[in-house]
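Read through the structure below, which is laid out as structure tokens, and then see the notes.
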Amino acid sequence: MFSALLEAVKSQPENDQFVSKRRHPRRETDRCVVKINGKVHPVRDWSMGGFLAQADSRPFGIDNEIEMTLMFKLREKMLEIPHKARVVRKGKETVAFEFLPIDTQIKTMFQNVVDDFVAGQFADSQI
């Protein structure tokens with residue numbers, strides 16, 4: 001009986017792979033904050049689809065659309081990306097936002113953040 005139980009829970013190849021439902025990979029290593037209504041909040045992670053901010057969630061309502069500015073510290077400059085986002089989830093001290101549709105210019109700015117990080121990693125590896 002015990003061996004039958006072990007056989008049932010043995011790792012199967014299809015069980016070893018995690019399938020993400022996310023459309024875009026999360027980025028947690030970039031130095032980023034978001035300015036909303038004049039207040040600056042740390043960003044825990046972001047992707048091309050949205051971001052998770054560390055903030056008091058009480059002022060935000062689900063489905064509220066807000067104007068915000070993401071501010072990234074790149075290697076040689078600060079990059080500010082103004083845009084609009086919608087509140088999709090709230091925790092006690094976090095708020096998750098989904099970007100409203102982004103245009104080519106915003107996508108290019110986000111790609112600049114990723115490219116700057118990759119260039120920095122490469123430069124550090126050459127030391």
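Naming works like this for the structure tokens: A, B, ... for the chains as they're shown, residue 1 at the start of each chain, ligands 1 onward in shown order.
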Q: Apply DSSP to the structure's backbone, then extract all residues of range 57-103 of chain A labelled strand (DSSP E) and return them as an MDAnalysis selection string.
A: chainID A and resid 65:73 78:90 94:99
Q: May I have the residues within 7 Å of range 43-53 of chain A as a PyMOL selection string, using only C-alpha atoms and disregarding those fewer than 6 positions away in the same chain?
A: chain A and resi 24-28+32-34+94-99
Limited to C-alpha atoms, could you put the picked residues into a file as a compact mmCIF listing (two decimals), in the first residue's frame?
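Heads up, here's the output in part-v6.txt:
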```txt
# COMPACT_ATOMS: atom_id res chain seq x y z
CA HIS A 24 5.48 39.36 -19.73
CA PRO A 25 8.35 38.33 -17.44
CA ARG A 26 8.66 40.16 -14.12
CA ARG A 27 11.71 42.29 -13.45
CA GLU A 28 12.79 42.64 -9.84
CA CYS A 32 12.58 51.85 -9.77
CA VAL A 33 10.01 53.97 -7.95
CA VAL A 34 6.60 55.24 -9.00
CA THR A 94 0.98 46.58 -1.85
CA VAL A 95 -1.00 47.64 -4.89
CA ALA A 96 -0.78 45.88 -8.27
CA PHE A 97 -1.32 47.96 -11.39
CA GLU A 98 -1.89 47.00 -15.01
CA PHE A 99 -0.71 49.47 -17.62
```
If you take only C-alpha atoms and a cut-off of 9 Å, which residues of range 26-101 of chain A touch range 106-122 of chain A, and what are their nearest atom pairs and distances in Å to one decimal, in chain and number order, as JSON lines?
```
{"residue": "A:Arg27", "atom": "CA", "partner": "A:Val114", "partner_atom": "CA", "distance": 8.8}
{"residue": "A:Thr29", "atom": "CA", "partner": "A:Phe117", "partner_atom": "CA", "distance": 8.6}
{"residue": "A:Asp30", "atom": "CA", "partner": "A:Phe117", "partner_atom": "CA", "distance": 7.3}
{"residue": "A:Ser47", "atom": "CA", "partner": "A:Phe110", "partner_atom": "CA", "distance": 8.7}
{"residue": "A:Met48", "atom": "CA", "partner": "A:Phe110", "partner_atom": "CA", "distance": 7.2}
{"residue": "A:Phe72", "atom": "CA", "partner": "A:Val113", "partner_atom": "CA", "distance": 7.3}
{"residue": "A:Lys73", "atom": "CA", "partner": "A:Val113", "partner_atom": "CA", "distance": 8.7}
{"residue": "A:Leu74", "atom": "CA", "partner": "A:Asp116", "partner_atom": "CA", "distance": 6.5}
{"residue": "A:Arg75", "atom": "CA", "partner": "A:Asp116", "partner_atom": "CA", "distance": 6.9}
{"residue": "A:Leu79", "atom": "CA", "partner": "A:Met109", "partner_atom": "CA", "distance": 8.2}
{"residue": "A:Glu80", "atom": "CA", "partner": "A:Met109", "partner_atom": "CA", "distance": 8.9}
{"residue": "A:Ile81", "atom": "CA", "partner": "A:Ile106", "partner_atom": "CA", "distance": 7.2}
{"residue": "A:Pro82", "atom": "CA", "partner": "A:Ile106", "partner_atom": "CA", "distance": 8.6}
{"residue": "A:His83", "atom": "CA", "partner": "A:Ile106", "partner_atom": "CA", "distance": 8.2}
```
**Q.** Minimum-distance residue to Ala85 in chain A, chosen among A:Ser57, A:Asn64, A:Gln105, A:Ser125 (using only C-alpha atoms)
**A.** A:Asn64
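Pairwise distance (CA of Asp103 in chain A, CA of Ile36 in chain A) equals 20.5 Å.
The set of residues in range 63-110 of chain A assigned to helix (DSSP H, G or I) by DSSP, using only backbone atoms of this structure, is Thr104, Gln105, Ile106, Lys107, Thr108, Met109 and Phe110 of chain A.
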Q.
As an exercise, work out the distance from CA of Arg58 in chain A to CA of Glu93 in chain A in Å and give it to one decimal place.
A. 9.0 Å
